[in-house]
>>> print(open('start-v7.csv').read())   # CSV, C-alpha atoms
chain,number,residue,atom,x,y,z
A,28,MET,CA,-18.2,3.3,20.0
A,29,LYS,CA,-19.8,6.0,17.9
A,30,LYS,CA,-21.2,5.3,14.4
A,31,VAL,CA,-20.8,7.9,11.7
A,32,LEU,CA,-22.3,8.0,8.2
A,33,VAL,CA,-20.1,9.2,5.4
A,34,LEU,CA,-22.2,10.2,2.5
A,35,THR,CA,-20.1,11.2,-0.5
A,36,GLU,CA,-19.2,10.6,-4.1
A,37,LEU,CA,-16.1,8.8,-5.5
A,38,ARG,CA,-16.4,9.9,-9.2
A,39,THR,CA,-13.5,12.4,-8.9
A,40,HIS,CA,-9.9,12.2,-7.7
A,41,TYR,CA,-10.6,15.1,-5.3
A,42,GLY,CA,-13.6,13.3,-3.8
A,43,ARG,CA,-11.6,10.1,-3.3
A,44,GLN,CA,-8.7,12.0,-1.7
A,45,ILE,CA,-11.1,13.6,0.7
A,46,LEU,CA,-12.5,10.3,1.7
A,47,SER,CA,-9.0,8.8,2.1
A,48,GLY,CA,-8.1,11.7,4.5
A,49,LEU,CA,-11.2,11.5,6.7
A,50,MET,CA,-11.0,7.7,7.0
A,51,MET,CA,-7.3,7.9,7.8
A,52,GLU,CA,-7.9,10.5,10.6
A,53,ALA,CA,-10.8,8.6,12.1
A,54,ARG,CA,-8.9,5.3,12.2
A,55,ALA,CA,-5.8,7.0,13.6
A,56,HIS,CA,-7.8,8.0,16.7
A,57,ASP,CA,-10.4,5.2,16.8
A,58,TRP,CA,-13.2,7.8,16.9
A,59,TRP,CA,-16.0,5.8,15.3
A,60,ASN,CA,-17.2,3.0,13.1
A,61,THR,CA,-18.0,4.2,9.6
A,62,MET,CA,-21.0,3.5,7.4
A,63,ARG,CA,-20.4,4.8,3.9
A,64,LEU,CA,-23.1,5.4,1.3
A,65,THR,CA,-22.9,6.9,-2.2
A,66,ALA,CA,-24.7,10.3,-2.3
A,67,SER,CA,-26.2,9.9,-5.8
A,68,GLU,CA,-27.8,6.5,-4.8
A,69,THR,CA,-29.2,7.6,-1.5
A,70,ASP,CA,-32.7,9.2,-1.4
A,71,ARG,CA,-34.6,11.0,1.3
A,72,ASP,CA,-36.4,7.8,2.6
A,73,ALA,CA,-33.1,5.9,2.8
A,74,ILE,CA,-31.3,8.6,4.7
A,75,ALA,CA,-34.2,8.9,7.2
A,76,GLN,CA,-33.8,5.2,8.1
A,77,VAL,CA,-30.0,5.4,8.3
A,78,LEU,CA,-29.9,8.6,10.5
A,79,ALA,CA,-31.7,6.7,13.3
A,80,GLN,CA,-28.7,4.5,13.6
A,81,VAL,CA,-25.8,7.0,13.5
A,82,ASP,CA,-24.3,9.6,15.8
A,83,GLY,CA,-23.0,11.9,13.2
A,84,VAL,CA,-22.7,12.6,9.4
A,85,ILE,CA,-20.0,13.8,7.0
A,86,VAL,CA,-21.6,14.7,3.7
A,87,ARG,CA,-20.6,15.9,0.2
A,88,ASP,CA,-22.7,16.2,-3.0
A,89,ALA,CA,-26.0,15.0,-1.5
A,90,SER,CA,-29.3,16.0,-3.2
A,91,PRO,CA,-31.2,19.0,-1.8
A,92,GLU,CA,-33.9,16.6,-0.5
A,93,VAL,CA,-31.3,14.6,1.5
A,94,MET,CA,-29.8,17.9,2.8
A,95,GLU,CA,-33.3,18.9,4.0
A,96,GLU,CA,-33.7,15.6,5.8
A,97,LEU,CA,-30.3,16.1,7.5
A,98,LYS,CA,-31.3,19.5,8.7
A,99,GLY,CA,-34.6,18.2,10.0
A,100,GLN,CA,-33.1,15.3,12.0
A,101,GLU,CA,-30.5,17.6,13.7
A,102,VAL,CA,-27.8,15.0,13.7
A,103,PRO,CA,-24.3,16.5,14.1
A,104,THR,CA,-23.2,17.0,10.5
A,105,VAL,CA,-20.1,18.3,8.7
A,106,VAL,CA,-20.8,19.4,5.1
A,107,LEU,CA,-17.9,19.3,2.6
A,108,ARG,CA,-18.1,21.6,-0.3
A,109,GLY,CA,-19.6,19.8,-3.3
A,110,ALA,CA,-18.7,19.6,-7.0
A,111,MET,CA,-20.8,22.7,-7.8
A,112,GLY,CA,-19.2,24.8,-4.9
A,113,GLU,CA,-22.6,25.6,-3.4
A,114,PRO,CA,-22.6,27.5,0.0
A,115,VAL,CA,-23.6,25.7,3.2
A,116,GLU,CA,-26.4,27.0,5.3
A,117,GLU,CA,-25.0,26.4,8.8
A,118,SER,CA,-26.9,25.7,12.0
A,119,GLU,CA,-26.1,24.5,15.5
A,120,THR,CA,-25.9,20.9,14.3
A,121,MET,CA,-24.7,21.5,10.7
A,122,LYS,CA,-21.3,23.1,10.0
A,123,ALA,CA,-19.4,23.7,6.8
A,124,ALA,CA,-16.0,22.0,6.5
A,125,ALA,CA,-12.8,23.8,5.7
A,126,HIS,CA,-12.1,23.7,2.0
A,127,VAL,CA,-9.3,24.5,-0.5
A,128,ASP,CA,-8.6,28.2,-0.8
A,129,ASP,CA,-9.5,28.8,-4.5
A,130,ALA,CA,-7.9,32.2,-4.6
A,131,SER,CA,-4.5,30.8,-3.5
A,132,VAL,CA,-4.8,28.1,-6.2
A,133,GLY,CA,-5.4,30.8,-8.8
A,134,ALA,CA,-2.5,32.8,-7.4
A,135,LEU,CA,-0.2,29.8,-7.8
A,136,ALA,CA,-1.3,29.5,-11.4
A,137,VAL,CA,-0.5,33.2,-11.9
A,138,GLU,CA,3.0,32.8,-10.5
A,139,GLU,CA,3.6,29.8,-12.8
A,140,LEU,CA,2.4,31.6,-15.9
A,141,LYS,CA,4.6,34.5,-15.0
A,142,ARG,CA,7.6,32.1,-14.6
A,143,LEU,CA,6.8,30.6,-18.0
A,144,SER,CA,7.2,34.1,-19.5
A,145,VAL,CA,4.2,33.7,-21.9
A,146,LYS,CA,2.7,37.0,-22.9
A,147,HIS,CA,-0.8,35.7,-23.4
A,148,TRP,CA,-2.8,33.9,-20.7
A,149,GLY,CA,-6.0,31.8,-21.0
A,150,PHE,CA,-8.4,30.4,-18.5
A,151,VAL,CA,-10.8,27.4,-19.1
A,152,GLY,CA,-13.5,27.3,-16.4
A,153,PHE,CA,-16.8,25.5,-15.7
A,154,GLU,CA,-19.9,27.6,-16.1
A,155,GLY,CA,-21.9,28.1,-12.9
A,156,VAL,CA,-19.4,26.4,-10.6
A,157,GLY,CA,-18.2,28.5,-7.6
A,158,TRP,CA,-14.8,27.0,-7.1
A,159,SER,CA,-14.0,27.4,-10.8
A,160,ARG,CA,-14.9,31.1,-10.7
A,161,GLY,CA,-12.8,31.6,-7.6
A,162,ARG,CA,-9.7,30.1,-9.3
A,163,GLY,CA,-10.2,32.1,-12.4
A,164,GLU,CA,-10.6,35.4,-10.6
A,165,ALA,CA,-6.8,35.5,-9.7
A,166,LEU,CA,-6.0,35.5,-13.4
A,167,MET,CA,-8.8,38.0,-14.2
A,168,ASN,CA,-7.5,40.5,-11.6
A,169,HIS,CA,-4.0,40.4,-13.0
A,170,PRO,CA,-2.8,43.1,-15.5
A,171,ALA,CA,-2.1,40.5,-18.2
A,172,VAL,CA,-4.7,40.1,-20.9
A,173,VAL,CA,-6.6,36.9,-20.1
A,174,HIS,CA,-8.6,35.1,-22.7
A,175,ALA,CA,-11.3,33.1,-20.9
A,176,ILE,CA,-13.9,30.6,-21.8
A,177,GLU,CA,-16.3,28.5,-19.7
A,178,LEU,CA,-17.5,25.0,-20.6
A,179,ARG,CA,-21.2,24.3,-20.1
A,180,GLY,CA,-22.3,21.2,-18.2
A,181,ASN,CA,-22.8,19.1,-21.4
A,182,GLU,CA,-19.4,20.1,-22.8
A,183,ARG,CA,-17.2,18.9,-19.9
A,184,GLU,CA,-15.3,15.7,-20.7
A,185,SER,CA,-17.1,15.5,-24.0
A,186,TRP,CA,-16.3,15.8,-27.7
A,187,SER,CA,-18.4,18.9,-28.0
A,188,GLY,CA,-16.2,20.6,-25.4
A,189,VAL,CA,-13.1,19.5,-27.4
A,190,LEU,CA,-14.5,21.1,-30.6
A,191,ARG,CA,-15.4,24.3,-28.8
A,192,LEU,CA,-12.0,24.7,-27.2
A,193,ALA,CA,-10.3,23.9,-30.6
A,194,GLU,CA,-12.2,26.8,-32.2
A,195,TRP,CA,-11.3,29.0,-29.2
A,196,LEU,CA,-7.6,28.1,-29.5
A,197,ARG,CA,-7.6,29.0,-33.2
A,198,LYS,CA,-8.7,32.6,-32.3
A,199,VAL,CA,-6.4,33.4,-29.3
A,200,PRO,CA,-2.9,34.7,-29.8
A,201,LYS,CA,0.0,32.3,-29.3
A,202,PRO,CA,2.2,31.3,-27.5
A,203,ILE,CA,-0.3,31.2,-24.7
A,204,GLY,CA,-0.4,29.7,-21.2
A,205,VAL,CA,-3.8,28.1,-20.4
A,206,PHE,CA,-4.9,27.4,-16.8
A,207,GLY,CA,-7.7,24.8,-16.6
A,208,CYS,CA,-9.9,25.0,-13.5
A,209,SER,CA,-9.4,21.2,-13.0
A,210,ASP,CA,-7.5,18.3,-14.5
A,211,SER,CA,-10.5,17.4,-16.6
A,212,ALA,CA,-10.6,20.9,-18.0
A,213,GLY,CA,-6.8,20.7,-18.7
A,214,LEU,CA,-7.2,17.4,-20.4
A,215,THR,CA,-9.9,18.8,-22.6
A,216,VAL,CA,-7.5,21.6,-23.6
A,217,LEU,CA,-4.8,19.0,-24.5
A,218,GLN,CA,-7.3,17.1,-26.6
A,219,ALA,CA,-8.3,20.3,-28.4
A,220,CYS,CA,-4.7,21.1,-29.1
A,221,GLN,CA,-4.1,17.7,-30.5
A,222,TYR,CA,-7.2,18.0,-32.7
A,223,ALA,CA,-6.4,21.5,-33.9
A,224,GLY,CA,-2.7,20.7,-34.5
A,225,PHE,CA,-1.2,23.1,-31.9
A,226,SER,CA,2.2,22.2,-30.3
A,227,VAL,CA,2.2,21.7,-26.5
A,228,PRO,CA,3.9,23.4,-24.7
A,229,ASN,CA,5.6,25.5,-27.4
A,230,GLN,CA,2.4,27.1,-28.7
A,231,VAL,CA,0.0,26.3,-25.8
A,232,ALA,CA,1.3,25.5,-22.3
A,233,VAL,CA,-1.4,23.9,-20.1
A,234,ILE,CA,-1.8,23.6,-16.3
A,235,GLY,CA,-4.7,21.8,-14.6
A,236,VAL,CA,-5.8,21.3,-10.9
A,237,ASP,CA,-6.1,18.2,-8.7
A,238,ASN,CA,-3.0,16.3,-9.7
A,239,ASP,CA,-4.9,13.1,-10.5
A,240,VAL,CA,-1.8,11.2,-11.2
A,241,GLN,CA,-3.3,8.5,-13.4
A,242,LEU,CA,-5.1,11.0,-15.5
A,243,CYS,CA,-2.1,13.4,-15.7
A,244,HIS,CA,0.5,10.7,-16.6
A,245,THR,CA,-1.7,9.2,-19.3
A,246,SER,CA,-2.6,12.4,-21.1
A,247,VAL,CA,-0.6,13.5,-24.2
A,248,PRO,CA,1.7,15.1,-23.2
A,249,PRO,CA,1.6,14.5,-19.4
A,250,LEU,CA,-0.4,17.2,-17.7
A,251,SER,CA,1.1,19.7,-15.3
A,252,SER,CA,-1.2,20.1,-12.3
A,253,ILE,CA,-1.7,21.9,-9.0
A,254,ASP,CA,-1.9,19.4,-6.2
A,255,LEU,CA,-4.6,20.5,-3.6
A,256,HIS,CA,-3.6,18.0,-0.9
A,257,ALA,CA,-7.3,17.1,-0.5
A,258,THR,CA,-6.5,14.4,2.0
A,259,GLY,CA,-5.9,17.3,4.5
A,260,VAL,CA,-9.5,18.6,3.8
A,261,GLY,CA,-10.8,15.1,4.7
A,262,GLN,CA,-8.7,14.9,7.9
A,263,ARG,CA,-9.9,18.3,9.0
A,264,ALA,CA,-13.5,17.4,8.4
A,265,ALA,CA,-13.1,14.2,10.6
A,266,TRP,CA,-11.5,16.3,13.3
A,267,GLN,CA,-14.3,18.8,13.1
A,268,LEU,CA,-17.0,16.2,13.6
A,269,ALA,CA,-15.1,14.6,16.4
A,270,ASN,CA,-15.2,17.9,18.2
A,271,MET,CA,-18.9,18.3,17.6
A,272,LEU,CA,-19.5,14.8,19.0
A,273,GLY,CA,-17.4,15.6,22.1
A,274,LEU,CA,-14.7,13.0,21.4
A,275,PRO,CA,-11.1,13.5,22.6
A,276,THR,CA,-9.1,15.3,19.9
A,277,LYS,CA,-5.5,16.5,19.6
A,278,ALA,CA,-4.0,19.2,17.4
A,279,GLU,CA,-6.2,20.4,14.4
A,280,PRO,CA,-4.9,18.8,11.2
A,281,VAL,CA,-3.1,21.2,8.9
A,282,ILE,CA,-4.1,21.4,5.2
A,283,SER,CA,-0.8,21.6,3.3
A,284,PRO,CA,-0.6,24.4,0.8
A,285,ALA,CA,-1.2,23.7,-2.8
A,286,ARG,CA,1.8,23.0,-5.0
A,287,LEU,CA,2.5,22.7,-8.7
A,288,VAL,CA,3.6,19.4,-10.1
A,289,ALA,CA,5.3,20.2,-13.4
A,290,ARG,CA,5.1,17.9,-16.3
A,291,GLU,CA,5.6,18.2,-20.1
A,292,SER,CA,2.3,20.0,-20.8
A,293,SER,CA,3.8,23.3,-19.5
A,294,HIS,CA,7.6,22.8,-19.4
A,295,GLU,CA,10.5,21.4,-21.3
A,296,VAL,CA,11.2,19.4,-18.1
A,297,ASP,CA,14.6,17.9,-17.6
A,298,ARG,CA,14.8,14.1,-17.1
A,299,TYR,CA,16.3,14.4,-13.6
A,300,PHE,CA,13.5,16.6,-12.4
A,301,LEU,CA,10.8,14.1,-13.6
A,302,CYS,CA,12.6,11.2,-11.9
A,303,TYR,CA,12.9,13.2,-8.7
A,304,GLN,CA,9.3,14.1,-8.8
A,305,LYS,CA,8.2,10.5,-9.6
A,306,ALA,CA,10.3,9.2,-6.7
A,307,VAL,CA,8.8,11.6,-4.2
A,308,GLU,CA,5.2,10.8,-5.4
A,309,TRP,CA,5.9,7.1,-5.0
A,310,LEU,CA,7.4,7.5,-1.5
A,311,SER,CA,4.4,9.4,-0.3
A,312,SER,CA,2.4,6.1,-0.2
A,313,ASN,CA,5.2,3.4,-0.1
A,314,ALA,CA,7.8,4.6,2.4
A,315,LEU,CA,6.5,2.8,5.5
A,316,ARG,CA,8.3,-0.5,5.0
A,317,GLY,CA,11.6,1.3,4.2
A,318,PRO,CA,12.3,0.6,0.5
A,319,SER,CA,15.9,0.6,-0.6
A,320,VAL,CA,17.5,3.2,-2.9
A,321,ASP,CA,17.8,0.4,-5.5
A,322,GLU,CA,14.1,-0.2,-5.3
A,323,LEU,CA,13.4,3.5,-5.7
A,324,SER,CA,15.8,3.4,-8.7
A,325,ASP,CA,13.7,0.6,-10.3
A,326,VAL,CA,10.5,2.5,-9.7
A,327,THR,CA,11.7,5.7,-11.4
A,328,GLY,CA,13.4,3.9,-14.3
A,329,ILE,CA,16.8,5.5,-13.8
A,330,SER,CA,20.1,4.1,-12.6
A,331,ARG,CA,21.1,4.5,-8.9
A,332,ARG,CA,23.7,7.0,-9.8
A,333,GLY,CA,21.2,8.9,-11.9
A,334,LEU,CA,18.8,8.9,-9.1
A,335,GLU,CA,21.4,10.3,-6.7
A,336,ARG,CA,22.2,13.1,-9.2
A,337,ALA,CA,18.5,13.9,-9.5
A,338,PHE,CA,18.1,14.2,-5.8
A,339,GLU,CA,21.3,16.2,-5.4
A,340,LYS,CA,20.2,18.6,-8.2
A,341,HIS,CA,16.6,19.2,-7.0
A,342,ALA,CA,16.6,18.5,-3.2
A,343,LYS,CA,20.3,18.8,-2.2
A,344,VAL,CA,19.9,15.6,-0.2
A,345,SER,CA,20.5,11.9,-0.8
A,346,PRO,CA,17.7,9.5,-1.8
A,347,ALA,CA,18.3,7.5,1.4
A,348,SER,CA,17.7,10.5,3.6
A,349,VAL,CA,14.4,11.3,1.8
A,350,ILE,CA,13.3,7.6,2.2
A,351,ARG,CA,14.0,7.9,5.9
A,352,GLU,CA,12.1,11.2,6.2
A,353,HIS,CA,9.0,9.7,4.5
A,354,ARG,CA,9.2,6.5,6.5
A,355,MET,CA,9.3,8.5,9.7
A,356,LYS,CA,6.2,10.5,8.7
A,357,ALA,CA,4.4,7.2,7.9
A,358,ILE,CA,5.4,5.8,11.3
A,359,GLU,CA,4.1,9.0,13.1
A,360,ILE,CA,0.7,8.4,11.5
A,361,LEU,CA,0.6,4.9,13.1
A,362,LEU,CA,1.9,6.2,16.4
A,363,ALA,CA,-1.0,8.6,16.6
A,364,ARG,CA,-3.3,5.6,16.7
A,365,ASP,CA,-3.3,4.9,20.4
A,366,SER,CA,-4.8,1.5,20.0
A,367,LEU,CA,-1.8,0.2,18.0
A,368,THR,CA,1.0,-1.5,20.1
A,369,LEU,CA,4.6,-0.9,19.2
A,370,ASP,CA,5.0,-4.5,18.2
A,371,ARG,CA,2.2,-4.1,15.7
A,372,ILE,CA,3.6,-0.9,14.3
A,373,ALA,CA,7.0,-2.4,14.0
A,374,ALA,CA,5.6,-5.3,12.0
A,375,GLN,CA,3.7,-3.0,9.7
A,376,ALA,CA,6.8,-0.8,9.2
A,377,GLY,CA,9.0,-3.7,8.3
A,378,PHE,CA,11.1,-4.1,11.5
A,379,THR,CA,11.7,-7.5,13.0
A,380,ASP,CA,10.7,-6.3,16.5
A,381,ALA,CA,9.8,-3.2,18.5
A,382,ALA,CA,13.5,-2.6,19.4
A,383,GLY,CA,14.3,-2.0,15.8
A,384,LEU,CA,11.5,0.4,15.5
A,385,SER,CA,12.6,2.3,18.6
A,386,ASN,CA,16.2,2.6,17.4
A,387,PHE,CA,15.0,4.0,14.1
A,388,VAL,CA,12.7,6.5,15.7
A,389,LYS,CA,15.3,7.6,18.2
A,390,ARG,CA,17.9,8.2,15.5
A,391,GLN,CA,15.4,10.2,13.4
A,392,THR,CA,13.7,12.3,16.2
A,393,GLY,CA,15.8,12.0,19.3
A,394,LYS,CA,12.8,10.6,21.1
A,395,SER,CA,11.6,7.1,21.9
A,396,PRO,CA,8.3,6.0,20.2
A,397,ARG,CA,6.5,6.4,23.5
A,398,GLU,CA,7.8,9.9,24.0
A,399,LEU,CA,7.0,10.8,20.4
A,400,ARG,CA,3.5,9.3,20.7
A,401,GLU,CA,2.7,11.7,23.6
A,402,THR,CA,3.3,14.7,21.3
A,403,LEU,CA,1.1,13.5,18.4
>>> encode(input="start-v7.csv", output="structure tokens")
Amino acid sequence: MKKVLVLTELRTHYGRQILSGLMMEARAHDWWNTMRLTASETDRDAIAQVLAQVDGVIVRDASPEVMEELKGQEVPTVVLRGAMGEPVEESETMKAAAHVDDASVGALAVEELKRLSVKHWGFVGFEGVGWSRGRGEALMNHPAVVHAIELRGNERESWSGVLRLAEWLRKVPKPIGVFGCSDSAGLTVLQACQYAGFSVPNQVAVIGVDNDVQLCHTSVPPLSSIDLHATGVGQRAAWQLANMLGLPTKAEPVISPARLVARESSHEVDRYFLCYQKAVEWLSSNALRGPSVDELSDVTGISRRGLERAFEKHAKVSPASVIREHRMKAIEILLARDSLTLDRIAAQAGFTDAAGLSNFVKRQTGKSPRELRETL
């Protein structure tokens, strides 16, 4: 079996989501064994030794010296866009991975600011970072007056950044809707509002990017954020390298479009919507074993009847049908792994035997697991 080096960083939610996606895709097809190293802790000498043992590389945020070594060795390499958004110099053996469309992310923020009906708009970006600039351009190109500020490197996630944004917020007209280029930028805006005494979202509505759930839920108030579906970026990168290595591949993974996850930093959100949103987020990673509606009710902290009302209001379907839909998606991921037997998939999905799995799949799709597997 092939061996692939994954050289990346795990400091950010975006980086962790990418890694999750590429590992999921590689495991689903049994393409290779993975060796993972942390980019910031890997120097040129170390990478030269490792490259002699691998067939391919997926890299993000490596140093210029390591990138030079990768180019010199001519090992098939897929380069993911790094934290600074730097361009990739492609060659026959080094290709740039697909990445998030920053213009569409900015456009989504524009639509949300328009929907909020705030007259004044603000943008908080990161100085010298390409993807930040790309997201902000959608606002700058809009007829609305945009008050923009860029945080320098030493001001990001620091008290000096909070103080600078507090001073900026005192000068801009209000009410204002502020779009932060990332969740960390959005969090800094919320901290500045708290320090300067501005009400969120009444005076300052705030939207971030990445949907780092832990960060967003623990901010005060919880931060609205644009979910980039970065796992899809990782899946596409794995598929791209598999093609470069001549491995058998199926359909190219689709990167789902970005979506806004609304929380209290930008909306007076009704309780039913928050419960519905929390339920869907939880199901995205816990639906495989087929949780009950009562269990979903406990997770969201609302009665079963309240949960049913939330789903009826915001999805026009029952919680049970959404559970089945997410469970089926999780089963399809396992079916795509040709090495997994139906008995093993049934056990992982909480069925007593393969017959139970087959009956469920047949009811949901009209196909048997074997028939469905041929299409994945």
>>> atom_distance(input="start-v7.csv", atom1="atom CA of Arg263 of chain A", atom2="atom CA of Val281 of chain A")
7.4 Å
>>> atom_distance(input="start-v7.csv", atom1="atom CA of Val127 of chain A", atom2="atom CA of Arg71 of chain A")
28.7 Å
>>> closest_residue(input="start-v7.csv", among="A:Ile253, A:Ala382, A:Met121, A:Cys208", to="Glu101 of chain A", atoms="all atoms listed in the file")
A:Met121
>>> residues_around(input="start-v7.csv", residues="segment 257-261 of chain A", least_positions_apart="4", cutoff="9 Å", atoms="only C-alpha atoms", output="JSON, numbers by chain")
{"A": [41, 42, 43, 44, 45, 46, 47, 48, 49, 50, 51, 52, 107, 124, 125, 126, 127, 237, 265, 266, 280, 281, 282, 283]}
>>> closest_residue(input="start-v7.csv", among="A:Ile329, A:Ala347, A:Leu369, A:Ile234", to="Asp254 of chain A", atoms="all atoms listed in the file")
A:Ile234
>>> residues_around(input="start-v7.csv", residues="Val132 of chain A", least_positions_apart="6", cutoff="9 Å", atoms="all atoms listed in the file", output="PyMOL selection string")
chain A and resi 161-162+165+236+253+255+284-286
>>> residues_near_point(input="start-v7.csv", point="(-19.5, 21.1, 7.3)", cutoff="9 Å", atoms="all atoms listed in the file", output="number ranges by chain")
A: 85-87, 104-108, 115, 117, 121-125, 264, 267-268
>>> closest_residue(input="start-v7.csv", among="A:Val151, A:Leu190, A:Leu37, A:Met167", to="Asp210 of chain A", atoms="all atoms listed in the file")
A:Val151
>>> residues_near_point(input="start-v7.csv", point="(-16.5, 24.8, -5.5)", cutoff="9 Å", atoms="all atoms listed in the file", output="list in words")
Arg108, Gly109, Ala110, Met111, Gly112, Glu113, Pro114, His126, Val127, Asp129, Val156, Gly157, Trp158, Ser159, Arg160 and Gly161 of chain A
>>> residues_around(input="start-v7.csv", residues="Gly204 of chain A", least_positions_apart="3", cutoff="8 Å", atoms="all atoms listed in the file", output="PDB file with C-alpha atoms, in the frame of the given file")
ATOM      1  CA  LEU A 140       2.400  31.600 -15.900  1.00  0.00           C
ATOM      2  CA  LEU A 143       6.800  30.600 -18.000  1.00  0.00           C
ATOM      3  CA  VAL A 145       4.200  33.700 -21.900  1.00  0.00           C
ATOM      4  CA  HIS A 147      -0.800  35.700 -23.400  1.00  0.00           C
ATOM      5  CA  TRP A 148      -2.800  33.900 -20.700  1.00  0.00           C
ATOM      6  CA  GLY A 149      -6.000  31.800 -21.000  1.00  0.00           C
ATOM      7  CA  VAL A 231       0.000  26.300 -25.800  1.00  0.00           C
ATOM      8  CA  ALA A 232       1.300  25.500 -22.300  1.00  0.00           C
ATOM      9  CA  VAL A 233      -1.400  23.900 -20.100  1.00  0.00           C
ATOM     10  CA  ILE A 234      -1.800  23.600 -16.300  1.00  0.00           C
ATOM     11  CA  SER A 293       3.800  23.300 -19.500  1.00  0.00           C
TER      12      SER A 293
END
>>> residues_around(input="start-v7.csv", residues="Arg371 of chain A", least_positions_apart="4", cutoff="9 Å", atoms="all atoms listed in the file", output="number ranges by chain")
A: 367, 375-376, 380-381
>>> atom_distance(input="start-v7.csv", atom1="atom CA of Arg54 of chain A", atom2="atom CA of Gln262 of chain A")
10.5 Å
>>> residues_around(input="start-v7.csv", residues="Glu308 of chain A", least_positions_apart="4", cutoff="12 Å", atoms="all atoms listed in the file", output="VMD selection string")
chain A and resid 238 to 241 254 288 301 to 304 312 to 314 323 326 to 327 349 to 350 353
>>> closest_residue(input="start-v7.csv", among="A:Gly99, A:Asp70, A:Ser395, A:Leu166", to="Gly383 of chain A", atoms="all atoms listed in the file")
A:Ser395
>>> closest_residue(input="start-v7.csv", among="A:Gly333, A:Thr39, A:Arg298, A:His56", to="Ser366 of chain A", atoms="all atoms listed in the file")
A:His56
>>> closest_residue(input="start-v7.csv", among="A:Ser209, A:Gln218, A:Thr379, A:Ser345", to="Arg316 of chain A", atoms="all atoms listed in the file")
A:Thr379
>>> axis_aligned_box(input="start-v7.csv", around="segment 61-69 of chain A", padding_each_side="6 Å", output="JSON")
{"center_x": -23.6, "center_y": 6.9, "center_z": 1.9, "size_x": 23.2, "size_y": 18.8, "size_z": 27.4}
